[in-house]
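**Student:** Right, I'll just put the structure down here and ask away after.
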Amino acid sequence: MKRFFTVTLSVLALSTVIAASAKAETRIDRQLLSYDSARVQPASNQALLSPFDLAFLAQRGYLKDQGISSYAALDTSYEAGTITAKDVVQAAIRANRLPESTLQDRCYLSALDSNLRGFNIH
């Protein structure tokens, strides 16, 4: 009987720990939460990239032809302030990946800035 209670208590303790870790939430940047893609209306032939997708494309070199360096060079340029979120948006506009109105969207620029900063964490 003693063994039964020990096993039962162990199972209850373990299930409590598992349930608590399952409910744990990750920290979400408020700027990313405030971005509302419905506010930016892309041109009829242009699909709107999310700030994360644009940062990812820039990081992977898809905007090299528009003057945005990739990988470590982008990280270094961003840290030094020679490339900004606005520069990346302008490059995406030149590449016909975003509408020009995106330059006026401070929420989009802020979310892109957060994503570019997130890639810089080593």
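Chains: A, B, ... in order of the structure tokens. Residues: from 1 per chain. Ligands: from 1, in order shown.
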Using only C-alpha atoms, which residues sit within 9 Å of A:Ala95 once same-chain residues fewer than 6 positions away are excluded, as a PyMOL selection string?

**Tutor:** chain A and resi 63+65-66

**Student:** Next, write the just-selected residues to a file, as an mmCIF file, in the first residue's frame, keeping C-alpha atoms as the atom set.

**Tutor:**
```cif
data_model
loop_
_atom_site.group_PDB
_atom_site.id
_atom_site.type_symbol
_atom_site.label_atom_id
_atom_site.label_comp_id
_atom_site.auth_asym_id
_atom_site.auth_seq_id
_atom_site.Cartn_x
_atom_site.Cartn_y
_atom_site.Cartn_z
ATOM 1 C CA LEU A 63 17.708 41.678 -51.968
ATOM 2 C CA ASP A 65 20.595 43.042 -56.437
ATOM 3 C CA GLN A 66 18.992 46.014 -54.660
#
```

**Student:** What is the atom CA of A:Leu48 to atom CA of A:Thr76 distance in Å?

**Tutor:**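 A separation of 26.8 Å between them.
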
**Student:** What does the distance from atom CA of A:Tyr78 to atom CA of A:Gln104 come to in Å, to one decimal?

**Tutor:**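 Answer for the atom CA of A:Tyr78 to atom CA of A:Gln104 separation: 20.5 Å.
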
**Student:** As a VMD selection string, please: the residues near A:Ala73 (cut-off 12 Å, only C-alpha atoms, same-chain neighbours under 4 positions excluded).

**Tutor:** chain A and resid 58 to 61 64 67 to 69 77 to 80 82 to 83 119 to 120

**Student:** So how far away is atom CA of A:Leu98 from atom CA of A:Leu49, in Å?

**Tutor:**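 Those two atoms sit 6.8 Å apart.
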
**Student:** Find the residue from A:Gln90, A:Glu100, A:Ala55, A:Arg3 that sits nearest to A:Asp113; use only C-alpha atoms when measuring.

**Tutor:**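 Residue with the minimum atom-to-atom distance to A:Asp113: A:Ala55.
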
**Student:** Per DSSP on the backbone, filter stretch 37-104 of chain A down to the residues in alpha helix (DSSP H) and report them as JSON, numbers by chain.

**Tutor:** {"A": [51, 52, 53, 54, 55, 56, 57, 58, 59, 71, 72, 73, 74, 75, 76, 77, 78, 79, 80, 85, 86, 87, 88, 89, 90, 91, 92, 93, 94]}

**Student:** From the set A:Ala111, A:Leu116, A:Arg106, A:Lys86, which residue has the shortest atom-to-atom contact distance to A:Ser70, counting only C-alpha atoms?

**Tutor:**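 Answer, going by the shortest atom-to-atom distance: A:Leu116.
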